[in-house]
>>> print(open('protein.cif').read())   # mmCIF, C-alpha atoms and all ligand atoms
data_upload
loop_
_atom_site.label_atom_id
_atom_site.label_comp_id
_atom_site.auth_asym_id
_atom_site.auth_seq_id
_atom_site.Cartn_x
_atom_site.Cartn_y
_atom_site.Cartn_z
CA MET A 712 -17.53 20.94 -16.21
CA GLN A 713 -15.36 18.29 -17.81
CA LEU A 714 -12.62 18.66 -15.19
CA LYS A 715 -14.88 18.21 -12.15
CA GLY A 716 -12.99 16.42 -9.41
CA LYS A 717 -9.62 16.87 -11.15
CA ARG A 718 -6.79 18.45 -9.16
CA ILE A 719 -4.50 20.60 -11.21
CA LEU A 720 -1.29 22.11 -9.91
CA LEU A 721 -0.39 25.09 -12.03
CA GLY A 722 3.22 26.29 -12.08
CA VAL A 723 3.85 29.83 -13.27
CA THR A 724 7.37 31.05 -14.06
CA GLY A 725 8.99 34.35 -15.02
CA SER A 726 7.91 35.26 -18.50
CA ILE A 727 5.78 38.00 -19.95
CA ALA A 728 3.33 35.20 -20.81
CA ALA A 729 2.68 34.84 -17.07
CA TYR A 730 -0.23 37.25 -17.52
CA LYS A 731 -1.97 34.52 -19.55
CA SER A 732 -1.90 32.21 -16.53
CA ALA A 733 -4.73 34.29 -15.02
CA HIS A 734 -6.96 33.47 -17.98
CA LEU A 735 -5.79 29.85 -17.92
CA THR A 736 -6.70 29.58 -14.23
CA ARG A 737 -10.19 30.94 -14.98
CA LEU A 738 -10.70 28.40 -17.74
CA LEU A 739 -9.54 25.51 -15.53
CA VAL A 740 -11.83 26.59 -12.68
CA LYS A 741 -14.71 27.07 -15.10
CA GLU A 742 -14.32 23.44 -16.20
CA GLY A 743 -14.69 22.38 -12.55
CA ALA A 744 -11.00 21.70 -11.75
CA GLU A 745 -9.57 22.33 -8.31
CA VAL A 746 -6.52 24.50 -8.93
CA GLN A 747 -3.52 25.19 -6.71
CA ILE A 748 -0.73 27.42 -7.94
CA ILE A 749 3.01 27.63 -7.37
CA MET A 750 4.90 30.62 -8.75
CA SER A 751 8.61 30.99 -9.24
CA THR A 752 10.12 34.08 -7.61
CA SER A 753 10.63 35.79 -10.95
CA ALA A 754 6.99 35.17 -11.91
CA LEU A 755 6.13 37.62 -9.10
CA ASP A 756 7.56 40.41 -11.29
CA PHE A 757 4.94 39.71 -13.94
CA ILE A 758 1.72 38.87 -12.09
CA THR A 759 0.66 39.12 -8.45
CA PRO A 760 -0.16 36.10 -6.30
CA LEU A 761 -3.32 37.95 -5.27
CA THR A 762 -4.68 37.80 -8.83
CA LEU A 763 -4.06 34.07 -9.10
CA ALA A 764 -5.26 33.34 -5.55
CA THR A 765 -8.52 35.18 -6.26
CA LEU A 766 -9.10 33.31 -9.52
CA SER A 767 -8.09 29.88 -8.19
CA LYS A 768 -9.84 30.45 -4.82
CA ASN A 769 -6.76 28.98 -3.15
CA PRO A 770 -3.62 30.43 -1.58
CA VAL A 771 -0.74 30.75 -4.03
CA TYR A 772 2.67 29.38 -3.01
CA HIS A 773 6.05 30.66 -4.09
CA GLN A 774 8.44 29.86 -1.26
CA PHE A 775 9.24 26.92 0.99
CA HIS A 776 8.13 28.84 4.04
CA ASP A 777 6.28 32.03 4.75
CA PRO A 778 8.66 34.33 6.74
CA ASN A 779 5.67 36.05 8.38
CA THR A 780 3.91 32.95 9.67
CA GLY A 781 6.86 30.53 9.62
CA VAL A 782 4.55 28.00 7.93
CA TRP A 783 6.39 25.52 5.72
CA THR A 784 4.86 24.48 2.39
CA ASN A 785 5.30 20.81 1.74
CA HIS A 786 6.35 20.28 -1.88
CA VAL A 787 5.86 16.53 -1.54
CA ASP A 788 2.23 16.98 -0.49
CA LEU A 789 1.59 19.34 -3.42
CA GLY A 790 3.18 16.87 -5.83
CA LEU A 791 1.13 13.98 -4.49
CA TRP A 792 -2.09 16.02 -4.38
CA ALA A 793 -2.13 16.80 -8.10
CA ASP A 794 -3.68 14.74 -10.88
CA LEU A 795 -1.78 16.92 -13.33
CA PHE A 796 1.13 19.35 -12.93
CA LEU A 797 0.86 21.99 -15.63
CA VAL A 798 3.63 24.55 -15.90
CA ALA A 799 2.49 27.45 -18.06
CA PRO A 800 4.47 29.41 -18.92
CA ILE A 801 7.76 27.60 -18.40
CA SER A 802 10.78 29.86 -18.93
CA ALA A 803 14.10 28.69 -20.40
CA ASN A 804 15.57 28.95 -16.92
CA THR A 805 13.01 26.69 -15.18
CA LEU A 806 13.09 24.32 -18.14
CA GLY A 807 16.85 23.97 -17.67
CA LYS A 808 16.37 23.23 -13.98
CA PHE A 809 13.67 20.62 -14.64
CA ALA A 810 15.87 18.97 -17.26
CA ASN A 811 18.84 18.77 -14.91
CA GLY A 812 17.23 17.95 -11.59
CA LEU A 813 18.04 21.30 -9.98
CA CYS A 814 15.98 22.01 -6.97
CA ASP A 815 16.41 25.57 -5.68
CA SER A 816 12.77 26.58 -5.29
CA LEU A 817 9.37 25.26 -4.25
CA LEU A 818 8.42 24.91 -7.92
CA THR A 819 11.47 22.86 -8.91
CA ALA A 820 11.30 20.72 -5.75
CA THR A 821 7.64 19.99 -6.48
CA TYR A 822 8.55 18.94 -10.02
CA LEU A 823 11.01 16.38 -8.65
CA SER A 824 8.51 14.98 -6.16
CA ALA A 825 5.39 14.94 -8.36
CA ARG A 826 4.13 11.50 -9.34
CA CYS A 827 1.41 12.78 -11.66
CA PRO A 828 1.74 13.55 -15.39
CA VAL A 829 3.51 16.83 -16.16
CA MET A 830 2.75 19.23 -19.01
CA VAL A 831 4.87 22.26 -19.77
CA ALA A 832 4.09 25.21 -22.04
CA PRO A 833 7.32 26.99 -23.02
CA ALA A 834 7.35 30.72 -23.60
CA MET A 835 10.48 32.48 -24.75
CA ASP A 836 11.90 34.68 -27.40
CA LEU A 837 12.56 33.52 -30.95
CA ASP A 838 16.27 32.72 -30.75
CA MET A 839 16.08 31.36 -27.20
CA TYR A 840 13.45 28.82 -28.30
CA GLN A 841 15.65 27.75 -31.21
CA HIS A 842 18.81 27.42 -29.09
CA PRO A 843 20.20 23.86 -29.09
CA SER A 844 20.44 23.91 -25.32
CA VAL A 845 16.69 24.68 -24.97
CA LYS A 846 15.89 22.06 -27.59
CA GLN A 847 17.99 19.52 -25.73
CA ASN A 848 16.24 20.33 -22.45
CA LEU A 849 12.83 19.92 -24.07
CA GLU A 850 13.93 16.56 -25.46
CA LYS A 851 15.07 15.56 -21.99
CA LEU A 852 11.65 16.37 -20.55
CA VAL A 853 10.03 14.30 -23.29
CA SER A 854 12.32 11.40 -22.33
CA PHE A 855 11.08 11.77 -18.72
CA GLY A 856 7.53 11.26 -20.01
CA ASN A 857 6.51 14.93 -19.75
CA LEU A 858 4.27 16.45 -22.38
CA ILE A 859 5.43 19.60 -24.17
CA LEU A 860 2.77 22.08 -25.26
CA ASP A 861 4.67 23.54 -28.20
CA ALA A 862 5.06 27.28 -28.33
CA GLU A 863 2.94 28.99 -30.96
CA SER A 864 4.10 31.39 -33.67
CA GLY A 865 3.26 35.06 -33.83
CA GLU A 866 4.42 38.42 -32.64
CA LEU A 867 6.76 38.17 -29.65
CA ALA A 868 7.18 40.66 -26.80
CA SER A 869 10.64 41.58 -28.12
CA GLY A 870 9.14 42.77 -31.37
CA LEU A 871 10.50 39.77 -33.25
CA SER A 872 8.10 37.46 -34.95
CA GLY A 873 8.16 33.62 -34.96
CA GLN A 874 7.77 30.61 -32.68
CA GLY A 875 8.02 31.28 -28.95
CA ARG A 876 4.62 32.50 -27.75
CA MET A 877 3.10 30.41 -24.99
CA MET A 878 0.28 28.25 -26.32
CA GLU A 879 -2.99 30.18 -25.97
CA PRO A 880 -4.92 29.23 -22.80
CA GLU A 881 -7.89 27.98 -24.90
CA HIS A 882 -5.55 25.58 -26.70
CA ILE A 883 -3.95 24.47 -23.42
CA ILE A 884 -7.41 23.73 -21.99
CA ASN A 885 -8.15 21.52 -25.01
CA LYS A 886 -4.94 19.57 -24.35
CA VAL A 887 -5.87 19.18 -20.68
CA LEU A 888 -9.40 18.02 -21.55
CA LYS A 889 -7.98 15.53 -24.04
CA HIS A 890 -5.54 14.28 -21.40
CA PHE A 891 -8.36 13.49 -18.97
CA LYS A 892 -10.82 12.16 -21.53
CA PRO A 893 -11.28 8.49 -20.74
CA SER A 894 -10.44 6.05 -23.46
CA GLN A 895 -13.41 4.55 -25.27
CA ALA A 896 -11.73 1.16 -25.39
CA PHE A 897 -14.99 -0.68 -24.64
CA ALA A 898 -17.23 1.22 -27.07
CA GLY A 899 -19.51 -1.26 -28.83
CA LYS A 900 -18.93 -3.92 -26.16
CA LYS A 901 -21.74 -5.31 -24.03
CA VAL A 902 -20.81 -6.13 -20.45
CA LEU A 903 -22.64 -8.15 -17.81
CA ILE A 904 -21.72 -7.77 -14.15
CA THR A 905 -23.13 -9.60 -11.13
CA SER A 906 -22.74 -7.64 -7.93
CA GLY A 907 -23.72 -7.49 -4.27
CA PRO A 908 -25.00 -10.16 -1.93
CA THR A 909 -27.79 -12.62 -2.57
CA GLN A 910 -30.54 -13.20 0.00
CA GLU A 911 -31.91 -16.68 0.52
CA ALA A 912 -35.30 -16.62 2.21
CA ILE A 913 -35.95 -18.73 5.31
CA ASP A 914 -39.48 -17.43 5.83
CA PRO A 915 -41.28 -14.18 4.90
CA VAL A 916 -39.18 -12.13 7.36
CA ARG A 917 -35.79 -13.84 7.55
CA PHE A 918 -33.02 -14.67 5.13
CA ILE A 919 -29.42 -15.88 4.83
CA SER A 920 -26.99 -13.41 3.31
CA ASN A 921 -23.47 -11.96 3.65
CA HIS A 922 -21.65 -8.66 4.17
CA SER A 923 -21.04 -7.84 0.50
CA SER A 924 -21.58 -4.11 -0.15
CA GLY A 925 -21.41 -4.29 -3.94
CA LYS A 926 -18.88 -1.41 -3.98
CA MET A 927 -16.40 -3.29 -6.16
CA GLY A 928 -19.10 -4.32 -8.66
CA ALA A 929 -20.42 -0.74 -8.84
CA ALA A 930 -16.90 0.62 -9.43
CA ILE A 931 -16.33 -1.90 -12.23
CA ALA A 932 -19.69 -1.06 -13.81
CA ASP A 933 -18.85 2.67 -13.74
CA SER A 934 -15.40 2.10 -15.26
CA PHE A 935 -16.85 0.10 -18.15
CA ALA A 936 -19.59 2.70 -18.75
CA ILE A 937 -17.07 5.57 -18.77
CA GLN A 938 -15.06 3.67 -21.37
CA GLY A 939 -18.03 3.35 -23.68
CA ALA A 940 -19.48 -0.10 -22.88
CA GLU A 941 -23.17 -0.99 -22.66
CA VAL A 942 -23.35 -2.25 -19.07
CA HIS A 943 -25.92 -4.60 -17.52
CA LEU A 944 -25.62 -4.93 -13.76
CA VAL A 945 -27.44 -7.80 -12.09
CA LEU A 946 -27.62 -6.44 -8.60
CA GLY A 947 -28.34 -8.11 -5.28
CA LYS A 948 -30.64 -6.41 -2.78
CA GLY A 949 -29.10 -3.61 -0.68
CA ALA A 950 -25.96 -3.37 -2.81
CA ILE A 951 -24.40 -0.02 -3.73
CA ARG A 952 -25.60 1.34 -7.06
CA PRO A 953 -23.18 2.71 -9.65
CA GLU A 954 -23.05 6.44 -10.42
CA ASN A 955 -23.37 6.28 -14.19
CA PRO A 956 -27.03 6.70 -15.23
CA ASN A 957 -26.52 4.75 -18.48
CA ILE A 958 -25.96 1.48 -16.64
CA LYS A 959 -28.94 -0.88 -16.89
CA ILE A 960 -29.67 -2.30 -13.44
CA HIS A 961 -31.47 -5.64 -13.05
CA PRO A 962 -32.45 -6.02 -9.38
CA VAL A 963 -32.54 -9.57 -8.00
CA VAL A 964 -32.81 -11.15 -4.58
CA SER A 965 -31.84 -14.84 -4.56
CA ALA A 966 -28.98 -16.71 -6.23
CA GLN A 967 -31.50 -18.46 -8.48
CA GLU A 968 -32.93 -15.10 -9.62
CA MET A 969 -29.41 -13.78 -10.18
CA HIS A 970 -28.58 -16.85 -12.24
CA ASP A 971 -31.76 -16.64 -14.32
CA LYS A 972 -31.27 -12.96 -15.15
CA ALA A 973 -27.55 -13.39 -15.90
CA ALA A 974 -28.22 -16.49 -18.03
CA SER A 975 -30.82 -14.63 -20.11
CA LEU A 976 -28.34 -11.84 -20.85
CA HIS A 977 -25.26 -14.03 -21.25
CA PRO A 978 -25.56 -15.10 -24.93
CA SER A 979 -25.50 -11.48 -26.16
CA VAL A 980 -22.63 -10.11 -24.05
CA ASP A 981 -18.90 -9.84 -24.76
CA ILE A 982 -17.58 -9.62 -21.21
CA VAL A 983 -18.89 -10.96 -17.89
CA VAL A 984 -17.56 -9.99 -14.46
CA PHE A 985 -18.80 -12.19 -11.64
CA ALA A 986 -18.39 -9.79 -8.72
CA ALA A 987 -21.39 -10.98 -6.67
CA ALA A 988 -21.03 -12.72 -3.34
CA VAL A 989 -23.48 -15.50 -4.05
CA ALA A 990 -24.75 -17.55 -1.12
CA ASP A 991 -23.46 -21.07 -1.64
CA TYR A 992 -26.45 -22.66 0.08
CA ALA A 993 -30.13 -21.80 0.48
CA PRO A 994 -32.85 -23.19 2.76
CA LYS A 995 -34.39 -26.32 1.26
CA GLN A 996 -37.88 -25.15 2.21
CA VAL A 997 -39.01 -21.55 2.46
CA ALA A 998 -41.70 -21.39 5.16
CA SER A 999 -44.79 -19.59 3.90
CA GLU A 1000 -45.51 -18.14 7.37
CA LYS A 1001 -43.12 -16.66 9.91
CA ILE A 1002 -41.45 -19.49 11.83
CA LYS A 1003 -42.52 -19.26 15.48
CA LYS A 1004 -40.06 -19.68 18.29
CA ALA A 1005 -40.10 -23.18 19.76
CA GLY A 1006 -37.66 -25.50 21.55
CA GLU A 1007 -34.05 -24.69 22.58
CA GLU A 1008 -32.51 -25.56 19.25
CA MET A 1009 -33.55 -25.44 15.66
CA SER A 1010 -31.87 -26.34 12.42
CA ILE A 1011 -32.48 -25.31 8.88
CA GLU A 1012 -31.74 -27.74 6.09
CA LEU A 1013 -29.73 -26.11 3.33
CA VAL A 1014 -29.23 -27.16 -0.27
CA LYS A 1015 -26.52 -26.09 -2.68
CA ASN A 1016 -27.28 -23.06 -4.81
CA VAL A 1017 -26.63 -22.82 -8.49
CA ASP A 1018 -23.05 -21.73 -9.25
CA ILE A 1019 -23.64 -18.90 -11.72
CA ALA A 1020 -20.03 -18.53 -12.87
CA LEU A 1021 -19.57 -22.28 -13.28
CA THR A 1022 -22.80 -22.71 -15.23
CA LEU A 1023 -22.20 -19.79 -17.57
CA GLY A 1024 -18.53 -20.75 -17.87
CA LYS A 1025 -19.63 -23.99 -19.54
CA GLU A 1026 -21.57 -21.98 -22.12
CA LYS A 1027 -18.81 -19.47 -22.75
CA LYS A 1028 -18.24 -18.77 -26.45
CA HIS A 1029 -14.79 -18.20 -27.91
CA HIS A 1030 -15.20 -14.41 -28.20
CA GLN A 1031 -16.47 -14.02 -24.62
CA ILE A 1032 -14.34 -12.99 -21.64
CA HIS A 1033 -15.21 -14.15 -18.13
CA VAL A 1034 -13.67 -12.52 -15.06
CA GLY A 1035 -14.19 -14.00 -11.61
CA PHE A 1036 -13.40 -13.05 -8.05
CA ALA A 1037 -12.05 -15.18 -5.24
CA LEU A 1038 -12.20 -14.27 -1.60
CA GLU A 1039 -9.91 -16.52 0.38
CA THR A 1040 -8.59 -16.73 3.91
CA GLU A 1041 -5.91 -19.41 3.46
CA ASN A 1042 -3.89 -20.91 0.61
CA GLU A 1043 -5.15 -17.95 -1.40
CA GLU A 1044 -3.17 -18.32 -4.62
CA PHE A 1045 -3.80 -22.04 -4.90
CA HIS A 1046 -7.56 -21.69 -4.42
CA ALA A 1047 -7.78 -18.70 -6.78
CA LYS A 1048 -5.97 -20.55 -9.57
CA GLU A 1049 -8.12 -23.61 -8.99
CA LYS A 1050 -11.28 -21.49 -9.42
CA LEU A 1051 -9.78 -19.81 -12.52
CA SER A 1052 -9.55 -23.11 -14.33
CA LYS A 1053 -12.63 -24.82 -12.83
CA LYS A 1054 -14.95 -21.92 -13.70
CA ASN A 1055 -13.36 -21.29 -17.11
CA PHE A 1056 -12.36 -17.70 -16.26
CA ASP A 1057 -9.92 -15.66 -18.35
CA LEU A 1058 -8.92 -13.65 -15.27
CA ILE A 1059 -9.49 -14.06 -11.57
CA VAL A 1060 -9.22 -11.26 -9.03
CA LEU A 1061 -8.05 -12.50 -5.66
CA ASN A 1062 -8.99 -10.59 -2.51
CA SER A 1063 -7.28 -11.84 0.57
CA MET A 1064 -9.15 -11.38 3.83
CA ARG A 1065 -5.71 -11.14 5.45
CA ASP A 1066 -4.92 -7.80 3.83
CA THR A 1067 -5.76 -4.66 5.75
CA GLY A 1068 -7.67 -2.22 3.56
CA ALA A 1069 -9.30 -5.02 1.60
CA GLY A 1070 -12.64 -6.72 1.86
CA PHE A 1071 -16.39 -6.42 1.70
CA GLN A 1072 -17.31 -3.10 3.30
CA SER A 1073 -13.99 -1.35 2.74
CA GLU A 1074 -13.57 1.70 0.43
CA THR A 1075 -10.24 0.27 -0.68
CA ASN A 1076 -9.06 -3.06 -1.94
CA LYS A 1077 -5.81 -4.91 -2.48
CA VAL A 1078 -5.87 -7.57 -5.14
CA ARG A 1079 -3.85 -10.01 -7.14
CA ILE A 1080 -5.07 -10.68 -10.68
CA PHE A 1081 -4.19 -14.01 -12.27
CA ALA A 1082 -4.65 -14.69 -15.96
CA GLU A 1083 -5.30 -18.00 -17.62
CA ASP A 1084 -1.80 -17.86 -19.19
CA GLY A 1085 -0.15 -17.77 -15.76
CA THR A 1086 0.69 -14.05 -15.64
CA ALA A 1087 -0.17 -12.14 -12.47
CA VAL A 1088 -0.24 -8.54 -11.25
CA ASN A 1089 -0.42 -7.33 -7.66
CA SER A 1090 -2.01 -4.05 -6.60
CA GLU A 1091 -1.24 -1.92 -3.57
CA VAL A 1092 -4.12 -0.93 -1.28
CA LEU A 1093 -6.09 1.28 -3.68
CA PRO A 1094 -9.52 2.93 -3.79
CA LYS A 1095 -11.99 0.47 -5.36
CA LYS A 1096 -12.35 2.79 -8.41
CA GLU A 1097 -8.63 2.37 -9.13
CA VAL A 1098 -8.80 -1.38 -8.61
CA ALA A 1099 -11.67 -1.39 -11.14
CA GLN A 1100 -9.48 0.48 -13.63
CA LEU A 1101 -6.68 -2.02 -13.08
CA ILE A 1102 -9.07 -4.90 -13.80
CA LEU A 1103 -10.16 -3.18 -17.02
CA GLU A 1104 -6.52 -2.69 -18.00
CA ARG A 1105 -5.93 -6.42 -17.53
CA ILE A 1106 -9.00 -7.19 -19.66
CA LYS A 1107 -7.65 -4.90 -22.40
CA ALA A 1108 -4.29 -6.66 -22.21
CA LEU A 1109 -5.87 -10.05 -22.94
CA PRO A 1110 -4.82 -11.26 -26.37
CA VAL A 1111 -7.04 -11.73 -29.43
CA LYS A 1112 -10.51 -11.30 -27.93
CA ILE A 1113 -10.65 -7.50 -27.44
N1 LIG B 1 -19.86 -17.49 -7.88
C1 LIG B 1 -21.04 -17.58 -8.58
N2 LIG B 1 -22.06 -18.35 -8.09
C2 LIG B 1 -21.93 -19.02 -6.94
C3 LIG B 1 -20.73 -18.92 -6.20
C4 LIG B 1 -19.69 -18.13 -6.71
O1 LIG B 1 -21.16 -16.96 -9.64
N3 LIG B 1 -22.94 -19.75 -6.49
C5 LIG B 1 -18.74 -16.70 -8.44
C6 LIG B 1 -18.39 -15.48 -7.62
O2 LIG B 1 -19.12 -14.34 -8.06
C7 LIG B 1 -16.90 -15.36 -7.87
C8 LIG B 1 -16.43 -16.79 -8.06
O3 LIG B 1 -17.60 -17.51 -8.44
O4 LIG B 1 -16.61 -14.67 -9.06
C9 LIG B 1 -15.80 -17.41 -6.86
O5 LIG B 1 -16.62 -17.21 -5.73
P1 LIG B 1 -16.19 -17.72 -4.28
O6 LIG B 1 -17.32 -17.46 -3.33
O7 LIG B 1 -14.82 -17.21 -3.94
O8 LIG B 1 -16.01 -19.26 -4.53
P2 LIG B 1 -16.93 -20.50 -4.42
O9 LIG B 1 -16.95 -21.15 -5.75
O10 LIG B 1 -18.26 -20.16 -3.82
O11 LIG B 1 -16.08 -21.42 -3.46
P3 LIG B 1 -15.83 -21.37 -1.86
O12 LIG B 1 -16.98 -20.58 -1.28
O13 LIG B 1 -15.83 -22.80 -1.48
O14 LIG B 1 -14.49 -20.70 -1.69
#
>>> encode(input="protein.cif", output="structure tokens", more="lines below")
Ligand code: CTP
Amino acid sequence: MQLKGKRILLGVTGSIAAYKSAHLTRLLVKEGAEVQIIMSTSALDFITPLTLATLSKNPVYHQFHDPNTGVWTNHVDLGLWADLFLVAPISANTLGKFANGLCDSLLTATYLSARCPVMVAPAMDLDMYQHPSVKQNLEKLVSFGNLILDAESGELASGLSGQGRMMEPEHIINKVLKHFKPSQAFAGKKVLITSGPTQEAIDPVRFISNHSSGKMGAAIADSFAIQGAEVHLVLGKGAIRPENPNIKIHPVVSAQEMHDKAASLHPSVDIVVFAAAVADYAPKQVASEKIKKAGEEMSIELVKNVDIALTLGKEKKHHQIHVGFALETENEEFHAKEKLSKKNFDLIVLNSMRDTGAGFQSETNKVRIFAEDGTAVNSEVLPKKEVAQLILERIKALPVKI
């Protein structure tokens, strides 16, 4: 089930190889992919939509609107839905339309509006495949960033023999699996992440804390683990746990405990991400018994907590990378850059509380990432998993160390 959660839009065009798209659909579904299918009108002469609908467990589209129901199929939605648009087989005719921006069908309109990667598997007869115009069109698609699944050699439907057969579905599946296989860029790297809130005890039943959910830290931990890193997550109480079972979780409660655990791991790690929302102050005295109600007012004396990032930043070795977060409500960029240099970070991820779709409990985040060398990238409002990937990309882009 290596394609679980992946959304694949399969385009099928008019070629005798269209019969293979049934087998291809089965293989994609078997690997856990969600498959939706668009056929060109001429593909209908080779295979029925019913076959593909049954195998994909989804309705099959081939026209902009259904004349019986009057329902319009939105090509933009289909294009945005897909993680991958795979056109197999692609005929010389559809290839020519893709290469030249022609848009006379649902399939070609979807191609123009798709934002996801596109793979095409040509199928045509020997001399057609060799024709300079076909070759030129394939080159054009390559220049658009599309991936060509080269036709294979063998016996062709015309009786001729040579290159032109659509790549076998088993081989196409291998290309698709390879496409989605995460990079192992962090294999052999040890990563330490602090995440979630800290709790500072007042008495046995009360504490000071904050609204941090730990979602961002969990997403970062998962991204590192997927890319091969050994991940240690020092996790505040009540924070979201990552999905990946290989992540080593070190539960802590207070800032001091978080510091002590992180400090013990720090010398052996390559990368540290300080994603925790650490309480800046803690009660000076922790009452051993529950504090009873008395008087109209009460005050609790607070003392400054250890700054984990600052302390470990002073011990940072040349090969180590430190990434910090900053949550600001005003003068965001100035404060973030100040923290970047004060805490000896290589990167700092700025969340602004002003942005809608960003913040503690949200499923999404919008960030600006500043590097020590002054470069910056801004994200849109993205799911926290995608923000995590962006942070990892920035870490990979750092010079020398990785
Ligand atoms: N941090 C930390 N230990 C602390 C406080 C903060 O490790 N005691 C880390 C956070 O995990 C974050 C970065 O330092 O990566 C900045 O945290 P933030 O709360 O934005 O900044 P503070 O230094 O606490 O400053 P202020 O609250 O005044 O903005």
>>> atom_distance(input="protein.cif", atom1="atom CA of Val887 of chain A", atom2="atom CA of Gly875 of chain A")
20.2 Å
>>> closest_residue(input="protein.cif", among="A:Phe1036, A:Phe1045, A:Phe1056, A:Tyr772", to="ligand LIG 1 (chain B)", atoms="only C-alpha atoms and all ligand atoms")
A:Phe1036
>>> residues_near_ligand(input="protein.cif", ligand="ligand LIG 1 (chain B)", cutoff="10 Å", atoms="only C-alpha atoms and all ligand atoms", output="PyMOL selection string")
chain A and resi 904-909+966-967+969-970+973+983-992+1015-1024+1033-1040+1043+1046-1047+1049-1051+1053-1054+1056+1058-1062
>>> residues_around(input="protein.cif", residues="Asp788 of chain A", least_positions_apart="6", cutoff="10 Å", atoms="all atoms listed in the file", output="VMD selection string")
chain A and resid 821 824 to 825
>>> closest_residue(input="protein.cif", among="A:Gln713, A:Ser1073, A:Asn857, A:Ser975", to="Ile884 of chain A", atoms="only C-alpha atoms")
A:Gln713
>>> build_atoms(input="protein.cif", residues="segment 763-768 of chain A", atoms="all heavy atoms", output="short mmCIF file (atom, residue, chain, number, x, y, z; two decimals), in the frame of the given file")
data_model
loop_
_atom_site.label_atom_id
_atom_site.label_comp_id
_atom_site.auth_asym_id
_atom_site.auth_seq_id
_atom_site.Cartn_x
_atom_site.Cartn_y
_atom_site.Cartn_z
N LEU A 763 -3.89 35.51 -8.88
CA LEU A 763 -4.06 34.07 -9.10
C LEU A 763 -4.78 33.40 -7.94
O LEU A 763 -5.56 32.46 -8.13
CB LEU A 763 -2.69 33.42 -9.34
CG LEU A 763 -1.97 33.89 -10.62
CD1 LEU A 763 -0.61 33.23 -10.76
CD2 LEU A 763 -2.82 33.59 -11.86
N ALA A 764 -4.56 33.90 -6.72
CA ALA A 764 -5.26 33.34 -5.55
C ALA A 764 -6.76 33.61 -5.66
O ALA A 764 -7.59 32.75 -5.38
CB ALA A 764 -4.71 33.94 -4.26
N THR A 765 -7.10 34.82 -6.13
CA THR A 765 -8.52 35.18 -6.26
C THR A 765 -9.17 34.29 -7.32
O THR A 765 -10.27 33.76 -7.11
CB THR A 765 -8.65 36.67 -6.67
OG1 THR A 765 -7.86 37.44 -5.78
CG2 THR A 765 -10.09 37.13 -6.62
N LEU A 766 -8.50 34.10 -8.43
CA LEU A 766 -9.10 33.31 -9.52
C LEU A 766 -9.16 31.81 -9.20
O LEU A 766 -10.10 31.12 -9.57
CB LEU A 766 -8.32 33.53 -10.82
CG LEU A 766 -8.44 34.94 -11.40
CD1 LEU A 766 -7.45 35.13 -12.54
CD2 LEU A 766 -9.87 35.19 -11.90
N SER A 767 -8.13 31.33 -8.49
CA SER A 767 -8.09 29.88 -8.19
C SER A 767 -8.85 29.57 -6.91
O SER A 767 -9.14 28.41 -6.62
CB SER A 767 -6.65 29.39 -8.05
OG SER A 767 -6.05 29.97 -6.91
N LYS A 768 -9.16 30.60 -6.12
CA LYS A 768 -9.84 30.45 -4.82
C LYS A 768 -9.00 29.62 -3.85
O LYS A 768 -9.52 28.91 -2.99
CB LYS A 768 -11.23 29.81 -4.98
CG LYS A 768 -12.15 30.56 -5.93
CD LYS A 768 -13.53 29.90 -5.97
CE LYS A 768 -14.49 30.61 -6.88
NZ LYS A 768 -14.23 30.42 -8.31
#
